[in-house]
>>> print(open('upload-v9.csv').read())   # CSV, C-alpha atoms
chain,number,residue,atom,x,y,z
A,1,LEU,CA,-18.0,-8.6,1.6
A,2,ALA,CA,-19.4,-6.9,-1.4
A,3,ASP,CA,-17.7,-7.8,-4.7
A,4,ASP,CA,-18.6,-8.8,-8.3
A,5,GLU,CA,-15.1,-10.3,-8.8
A,6,ALA,CA,-14.9,-13.7,-7.2
A,7,SER,CA,-11.1,-13.7,-7.1
A,8,ALA,CA,-10.9,-10.6,-4.9
A,9,ARG,CA,-13.7,-11.8,-2.7
A,10,ASP,CA,-12.2,-15.2,-2.2
A,11,LEU,CA,-8.8,-13.7,-1.2
A,12,VAL,CA,-10.4,-11.7,1.5
A,13,ARG,CA,-12.7,-14.5,2.5
A,14,ARG,CA,-9.8,-16.9,3.1
A,15,ALA,CA,-8.1,-14.4,5.4
A,16,LEU,CA,-11.2,-13.8,7.4
A,17,GLU,CA,-13.2,-17.0,7.5
A,18,GLY,CA,-13.2,-18.7,10.9
A,19,LYS,CA,-12.1,-15.4,12.5
A,20,TYR,CA,-15.2,-13.4,11.9
A,21,PRO,CA,-18.8,-14.2,10.9
A,22,LEU,CA,-19.1,-13.3,7.3
A,23,ARG,CA,-22.0,-12.4,4.9
A,24,ALA,CA,-21.5,-11.9,1.2
A,25,LEU,CA,-23.3,-9.5,-1.1
A,26,GLY,CA,-23.0,-10.1,-4.8
A,27,ARG,CA,-25.1,-10.6,-7.9
A,28,ARG,CA,-24.9,-14.3,-7.3
A,29,PRO,CA,-24.9,-16.3,-4.0
A,30,THR,CA,-21.5,-17.4,-2.6
A,31,ASP,CA,-21.2,-21.1,-1.9
A,32,GLY,CA,-20.7,-22.0,1.7
A,33,LEU,CA,-21.3,-18.5,3.0
A,34,GLU,CA,-24.4,-16.6,4.1
A,35,SER,CA,-25.3,-14.5,1.1
A,36,VAL,CA,-27.5,-11.8,-0.2
A,37,ALA,CA,-27.9,-12.0,-4.0
A,38,ALA,CA,-28.4,-8.4,-5.2
A,39,ASP,CA,-26.9,-5.8,-7.5
A,40,ILE,CA,-25.5,-2.7,-5.7
A,41,ARG,CA,-27.3,-0.6,-8.2
A,42,ASP,CA,-30.5,-1.6,-6.5
A,43,ALA,CA,-30.6,0.4,-3.3
A,44,ILE,CA,-33.6,-1.5,-1.9
A,45,ALA,CA,-32.5,-5.0,-2.7
A,46,ILE,CA,-29.1,-4.7,-1.0
A,47,ARG,CA,-30.4,-3.5,2.4
A,48,PRO,CA,-30.8,-7.0,4.0
A,49,ALA,CA,-27.0,-7.5,3.6
A,50,PHE,CA,-26.2,-4.8,6.0
A,51,ALA,CA,-28.3,-5.8,9.0
A,52,ASP,CA,-26.3,-6.4,12.2
A,53,VAL,CA,-23.0,-5.8,10.4
A,54,ASP,CA,-20.1,-4.0,12.1
A,55,CYS,CA,-17.8,-3.6,9.1
A,56,VAL,CA,-18.4,-3.6,5.3
A,57,VAL,CA,-15.5,-4.4,2.9
A,58,HIS,CA,-16.7,-2.8,-0.3
A,59,LEU,CA,-14.9,-4.4,-3.2
A,60,ALA,CA,-17.6,-4.2,-5.9
A,61,ALA,CA,-16.7,-2.1,-8.9
A,62,ALA,CA,-17.1,-1.9,-12.7
A,63,LEU,CA,-13.8,-1.8,-14.6
A,64,PRO,CA,-13.2,-0.3,-18.0
A,65,SER,CA,-13.6,-2.9,-20.7
A,66,LYS,CA,-13.6,-3.0,-24.5
A,67,GLY,CA,-16.9,-1.9,-26.0
A,68,SER,CA,-18.3,-0.6,-22.7
A,69,THR,CA,-19.5,2.9,-22.1
A,70,GLY,CA,-18.8,5.3,-19.3
A,71,GLN,CA,-22.3,4.8,-18.1
A,72,HIS,CA,-21.6,1.4,-16.7
A,73,LEU,CA,-18.7,2.9,-14.6
A,74,ILE,CA,-21.0,5.6,-13.3
A,75,ASP,CA,-23.9,3.1,-12.5
A,76,ALA,CA,-21.7,0.8,-10.4
A,77,ASN,CA,-18.9,3.0,-9.0
A,78,VAL,CA,-20.9,6.2,-8.3
A,79,THR,CA,-24.6,5.2,-7.9
A,80,GLY,CA,-23.7,1.7,-6.5
A,81,THR,CA,-21.1,3.0,-4.1
A,82,TYR,CA,-23.6,5.6,-2.9
A,83,ASN,CA,-26.2,2.9,-2.3
A,84,VAL,CA,-23.6,0.9,-0.3
A,85,PHE,CA,-22.7,3.8,1.9
A,86,GLU,CA,-26.3,4.8,2.5
A,87,ALA,CA,-27.4,1.2,3.3
A,88,ALA,CA,-24.5,1.0,5.8
A,89,ARG,CA,-25.5,4.3,7.4
A,90,GLU,CA,-29.1,3.2,7.8
A,91,ALA,CA,-28.1,-0.1,9.3
A,92,GLY,CA,-25.7,1.4,11.8
A,93,VAL,CA,-22.5,-0.1,10.3
A,94,LYS,CA,-19.4,1.2,12.2
A,95,ARG,CA,-16.8,1.0,9.4
A,96,ILE,CA,-16.5,0.7,5.7
A,97,VAL,CA,-13.2,-0.4,4.1
A,98,PHE,CA,-13.5,1.0,0.6
A,99,ALA,CA,-11.5,-0.5,-2.3
A,100,SER,CA,-10.3,2.5,-4.1
A,101,SER,CA,-7.6,2.5,-6.7
A,102,GLY,CA,-4.2,3.9,-7.6
A,103,ALA,CA,-6.0,5.2,-10.7
A,104,VAL,CA,-7.1,8.2,-8.7
A,105,ILE,CA,-3.5,9.5,-9.0
A,106,SER,CA,-2.2,7.7,-12.1
A,107,GLY,CA,-2.4,10.9,-14.1
A,108,TRP,CA,0.8,12.0,-12.5
A,109,GLU,CA,2.5,9.3,-14.6
A,110,ARG,CA,2.2,11.7,-17.6
A,111,GLU,CA,5.0,13.8,-16.2
A,112,PRO,CA,8.5,13.3,-15.0
A,113,PRO,CA,9.8,11.8,-12.8
A,114,TYR,CA,7.0,9.3,-12.8
A,115,ALA,CA,6.8,9.0,-16.6
A,116,GLY,CA,10.3,7.8,-16.6
A,117,LEU,CA,9.6,5.2,-13.9
A,118,VAL,CA,6.8,3.5,-15.8
A,119,SER,CA,8.2,3.8,-19.3
A,120,GLY,CA,10.7,0.9,-19.1
A,121,ASN,CA,13.4,3.0,-20.7
A,122,ASP,CA,16.5,3.0,-18.6
A,123,GLU,CA,17.6,6.4,-20.1
A,124,ASP,CA,14.4,8.0,-18.8
A,125,ARG,CA,14.6,6.5,-15.3
A,126,PRO,CA,15.2,9.2,-12.7
A,127,ALA,CA,17.9,8.7,-10.0
A,128,SER,CA,15.4,9.5,-7.3
A,129,TRP,CA,11.8,10.7,-7.0
A,130,PRO,CA,9.4,12.1,-4.4
A,131,LEU,CA,6.7,9.6,-3.4
A,132,LEU,CA,3.1,10.4,-4.0
A,133,THR,CA,1.3,10.4,-0.6
A,134,HIS,CA,-2.3,10.3,0.6
A,135,GLU,CA,-2.1,14.1,0.6
A,136,THR,CA,-1.0,14.4,-3.0
A,137,PRO,CA,-3.7,16.2,-5.1
A,138,LEU,CA,-6.0,13.8,-7.0
A,139,ARG,CA,-5.2,13.3,-10.7
A,140,PRO,CA,-7.1,10.4,-12.2
A,141,GLY,CA,-5.8,8.9,-15.4
A,142,GLY,CA,-9.4,8.4,-16.8
A,143,LEU,CA,-13.0,8.0,-16.0
A,144,TYR,CA,-12.5,4.9,-13.8
A,145,GLY,CA,-10.1,6.9,-11.6
A,146,TYR,CA,-12.6,9.7,-11.3
A,147,THR,CA,-15.4,7.3,-10.2
A,148,LYS,CA,-13.0,6.0,-7.5
A,149,ALA,CA,-12.0,9.5,-6.4
A,150,TRP,CA,-15.7,10.2,-6.0
A,151,GLY,CA,-16.0,7.2,-3.7
A,152,GLU,CA,-13.2,8.5,-1.6
A,153,LEU,CA,-14.8,11.9,-1.3
A,154,LEU,CA,-18.1,10.3,-0.5
A,155,GLY,CA,-16.4,8.4,2.3
A,156,ARG,CA,-15.0,11.6,3.7
A,157,SER,CA,-18.6,13.0,3.7
A,158,TYR,CA,-20.0,10.0,5.5
A,159,ALA,CA,-17.2,10.1,8.1
A,160,ASP,CA,-17.7,13.8,8.7
A,161,GLN,CA,-21.5,14.0,8.6
A,162,HIS,CA,-22.6,10.5,9.9
A,163,GLY,CA,-19.7,9.3,12.1
A,164,LEU,CA,-18.9,6.3,10.0
A,165,SER,CA,-15.3,5.1,10.0
A,166,VAL,CA,-14.2,5.0,6.4
A,167,LEU,CA,-10.8,3.7,5.3
A,168,SER,CA,-9.9,3.8,1.6
A,169,VAL,CA,-7.4,1.4,0.2
A,170,ARG,CA,-5.8,2.6,-3.1
A,171,ILE,CA,-5.1,-0.8,-4.6
A,172,GLY,CA,-2.3,-1.2,-7.1
A,173,HIS,CA,-1.9,-3.9,-9.8
A,174,VAL,CA,-3.0,-7.2,-8.3
A,175,THR,CA,-2.7,-10.1,-10.8
A,176,ALA,CA,-4.3,-13.5,-11.0
A,177,CYS,CA,-0.8,-15.1,-11.4
A,178,ASP,CA,0.4,-13.1,-8.4
A,179,ARG,CA,3.4,-11.7,-10.3
A,180,PRO,CA,3.9,-8.4,-12.1
A,181,GLU,CA,3.1,-8.4,-15.8
A,182,ALA,CA,5.7,-7.9,-18.4
A,183,LEU,CA,4.7,-4.2,-18.9
A,184,PRO,CA,7.3,-2.0,-17.2
A,185,ARG,CA,4.6,0.0,-15.4
A,186,SER,CA,3.5,-3.1,-13.5
A,187,HIS,CA,6.9,-3.2,-11.7
A,188,SER,CA,6.0,0.2,-10.1
A,189,ILE,CA,2.4,-0.4,-9.1
A,190,TRP,CA,2.3,-4.2,-8.5
A,191,CYS,CA,0.8,-5.5,-5.2
A,192,SER,CA,0.9,-9.1,-4.3
A,193,GLN,CA,-2.2,-10.9,-3.2
A,194,ARG,CA,-1.0,-11.4,0.4
A,195,ASP,CA,0.0,-7.8,0.7
A,196,VAL,CA,-3.3,-6.4,-0.4
A,197,VAL,CA,-5.1,-8.8,1.9
A,198,GLN,CA,-2.9,-7.8,4.7
A,199,LEU,CA,-3.7,-4.2,4.3
A,200,ILE,CA,-7.5,-4.8,4.1
A,201,VAL,CA,-7.4,-6.9,7.2
A,202,ARG,CA,-5.4,-4.3,9.1
A,203,CYS,CA,-8.0,-1.7,8.1
A,204,ILE,CA,-10.8,-3.9,9.4
A,205,GLU,CA,-9.0,-4.4,12.7
A,206,ALA,CA,-7.8,-0.7,13.1
A,207,PRO,CA,-8.9,1.0,16.3
A,208,PRO,CA,-12.5,2.4,16.2
A,209,SER,CA,-11.0,5.9,16.8
A,210,LEU,CA,-9.6,5.9,13.3
A,211,ARG,CA,-12.4,7.9,11.6
A,212,PHE,CA,-11.0,8.4,8.1
A,213,ASP,CA,-7.8,7.7,6.2
A,214,ILE,CA,-6.4,6.7,2.8
A,215,PHE,CA,-3.7,4.1,2.2
A,216,TYR,CA,-1.8,2.8,-0.8
A,217,ALA,CA,-1.8,-1.0,-1.3
A,218,ALA,CA,1.4,-1.8,-3.2
A,219,SER,CA,4.3,-4.1,-2.6
A,220,ARG,CA,7.8,-2.9,-1.7
A,221,ASN,CA,8.8,-2.4,-5.4
A,222,GLU,CA,12.2,-0.8,-6.2
A,223,LEU,CA,10.5,1.5,-8.8
A,224,GLY,CA,7.4,2.2,-6.6
A,225,TYR,CA,6.3,5.8,-6.4
A,226,ARG,CA,3.4,5.4,-4.0
A,227,ASP,CA,4.1,6.0,-0.3
A,228,LEU,CA,3.7,3.0,2.0
A,229,GLU,CA,5.0,4.6,5.2
A,230,HIS,CA,1.7,6.2,6.1
A,231,ALA,CA,0.0,2.8,6.1
A,232,ARG,CA,2.8,1.4,8.2
A,233,GLU,CA,2.5,4.2,10.8
A,234,ILE,CA,-1.2,4.2,11.1
A,235,VAL,CA,-2.3,0.5,10.7
A,236,GLY,CA,1.0,-1.4,10.8
A,237,TYR,CA,1.1,-2.4,7.1
A,238,VAL,CA,4.4,-4.0,6.2
A,239,PRO,CA,4.5,-5.4,2.7
A,240,GLN,CA,6.1,-8.8,2.4
A,241,ASP,CA,6.7,-8.9,-1.4
A,242,ALA,CA,8.4,-7.0,-4.2
A,243,ALA,CA,8.1,-7.0,-7.9
A,244,GLU,CA,11.8,-7.8,-8.1
A,245,ASP,CA,11.5,-11.0,-6.0
A,246,GLY,CA,12.6,-14.1,-7.9
A,247,ARG,CA,14.3,-12.2,-10.7
>>> encode(input="upload-v9.csv", output="structure tokens")
Amino acid sequence: LADDEASARDLVRRALEGKYPLRALGRRPTDGLESVAADIRDAIAIRPAFADVDCVVHLAAALPSKGSTGQHLIDANVTGTYNVFEAAREAGVKRIVFASSGAVISGWEREPPYAGLVSGNDEDRPASWPLLTHETPLRPGGLYGYTKAWGELLGRSYADQHGLSVLSVRIGHVTACDRPEALPRSHSIWCSQRDVVQLIVRCIEAPPSLRFDIFYAASRNELGYRDLEHAREIVGYVPQDAAEDGR
């Protein structure tokens, strides 16, 4: 488990602990778990975390933040992700589950019908819309999305050239309160905590023959525009929640 965000790491940990032997990689040790304390930007320091590991769940990422520069995104999400893939290859890891993001296609929200879905204006809302699939051309909404798209392309390269199984999960809007935010857009892209964990676990447990694929992690939202059928067909993902639950 590689992650700088304790909340994401802990969600996955709870689902896997007792079922698999786990090792954590992070800038700080993880209480109660075998850990390697290292920054993914340090290619040498992270290597011990990958020894004798079958599957890596790569959750570590830098997020856009006020006052930050684009360089911190590149350092963590480009250089750091390369270091993770390369360390996995050198150690003989069989599979990487890569936490990508819906940000790799969020640029489509600039145009109809998707602009109407996320605007919150009932007058702009389309009657129907085509779902974006794993085959839809990439269209990131900003630099963060571009760094995640690079990670997906890197995974394709490692699957093709080195035989790694790489499954990318385009995670939607997961919140600490486990409910959509008030922003209208959240009701299109929200993913519950148990749904995102379900998909990650299904990727971990997918047949070894699954060499490369991309899946959207979103709940079954009425205004959702990201295809969930592909994940259902390939790894059996069936989201349990919806943004409209409890309204």
>>> atom_distance(input="upload-v9.csv", atom1="atom CA of A:Ala99", atom2="atom CA of A:Leu153")
12.9 Å
>>> closest_residue(input="upload-v9.csv", among="A:Leu117, A:Val201, A:Leu228, A:Ala243", to="A:Val12", atoms="only C-alpha atoms")
A:Val201
>>> closest_residue(input="upload-v9.csv", among="A:Ala159, A:Leu63, A:Leu164, A:Val169", to="A:Leu143", atoms="only C-alpha atoms")
A:Leu63
>>> atom_distance(input="upload-v9.csv", atom1="atom CA of A:Arg28", atom2="atom CA of A:Ile46")
12.2 Å
>>> atom_distance(input="upload-v9.csv", atom1="atom CA of A:His162", atom2="atom CA of A:Phe215")
21.4 Å
>>> closest_residue(input="upload-v9.csv", among="A:Asn77, A:Asn83, A:Ser168, A:Ser128", to="A:Tyr216", atoms="only C-alpha atoms")
A:Ser168
>>> closest_residue(input="upload-v9.csv", among="A:Pro184, A:Pro208, A:Gly80, A:Gly141", to="A:Val166", atoms="only C-alpha atoms")
A:Pro208
>>> residues_around(input="upload-v9.csv", residues="A:Leu223", least_positions_apart="2", cutoff="7 Å", atoms="only C-alpha atoms", output="ChimeraX atom specification")
/A:117,187-188,221,225
>>> residues_near_point(input="upload-v9.csv", point="(3.0, 1.1, -10.9)", cutoff="7 Å", atoms="all atoms listed in the file", output="list of chain:residue names")
A:Val118, A:Gly172, A:Arg185, A:Ser186, A:His187, A:Ser188, A:Ile189, A:Trp190, A:Gly224
>>> write_last_selection(input="upload-v9.csv", atoms="C-alpha atoms", output="mmCIF file, in the coordinates of the input")
data_model
loop_
_atom_site.group_PDB
_atom_site.id
_atom_site.type_symbol
_atom_site.label_atom_id
_atom_site.label_comp_id
_atom_site.auth_asym_id
_atom_site.auth_seq_id
_atom_site.Cartn_x
_atom_site.Cartn_y
_atom_site.Cartn_z
ATOM 1 C CA VAL A 118 6.800 3.500 -15.800
ATOM 2 C CA GLY A 172 -2.300 -1.200 -7.100
ATOM 3 C CA ARG A 185 4.600 0.000 -15.400
ATOM 4 C CA SER A 186 3.500 -3.100 -13.500
ATOM 5 C CA HIS A 187 6.900 -3.200 -11.700
ATOM 6 C CA SER A 188 6.000 0.200 -10.100
ATOM 7 C CA ILE A 189 2.400 -0.400 -9.100
ATOM 8 C CA TRP A 190 2.300 -4.200 -8.500
ATOM 9 C CA GLY A 224 7.400 2.200 -6.600
#
>>> residues_around(input="upload-v9.csv", residues="stretch 104-107 of chain A", least_positions_apart="3", cutoff="6 Å", atoms="all atoms listed in the file", output="number ranges by chain")
A: 110, 138-141, 145, 149
>>> closest_residue(input="upload-v9.csv", among="A:Ser209, A:Ser165, A:Val97, A:Thr30", to="A:Val197", atoms="all atoms listed in the file")
A:Val97
>>> closest_residue(input="upload-v9.csv", among="A:Ala242, A:Leu154, A:Ile214, A:Leu16", to="A:Ser192", atoms="all atoms listed in the file")
A:Ala242
>>> residues_near_point(input="upload-v9.csv", point="(-16.4, 12.7, -0.6)", cutoff="12 Å", atoms="all atoms listed in the file", output="list in words")
Val78, Thr81, Tyr82, Phe85, Tyr146, Thr147, Lys148, Ala149, Trp150, Gly151, Glu152, Leu153, Leu154, Gly155, Arg156, Ser157, Tyr158, Ala159, Asp160, Gln161, Val166, Ser168 and Phe212 of chain A
>>> decode(input="upload-v9.csv", residues="stretch 97-112 of chain A", atoms="C-alpha atoms", output="short mmCIF file (atom, residue, chain, number, x, y, z; two decimals), in the first residue's frame")
data_model
loop_
_atom_site.label_atom_id
_atom_site.label_comp_id
_atom_site.auth_asym_id
_atom_site.auth_seq_id
_atom_site.Cartn_x
_atom_site.Cartn_y
_atom_site.Cartn_z
CA VAL A 97 -3.36 -1.28 -9.15
CA PHE A 98 -2.87 2.37 -10.04
CA ALA A 99 -5.07 5.03 -8.48
CA SER A 100 -5.78 7.26 -11.45
CA SER A 101 -8.48 9.93 -11.47
CA GLY A 102 -11.57 11.03 -13.31
CA ALA A 103 -9.58 14.22 -13.85
CA VAL A 104 -8.07 12.57 -16.94
CA ILE A 105 -11.39 13.11 -18.75
CA SER A 106 -12.94 15.98 -16.79
CA GLY A 107 -12.19 18.39 -19.63
CA TRP A 108 -15.25 16.98 -21.38
CA GLU A 109 -17.33 18.83 -18.79
CA ARG A 110 -16.63 22.05 -20.67
CA GLU A 111 -19.04 21.04 -23.42
CA PRO A 112 -22.64 19.78 -23.64
#
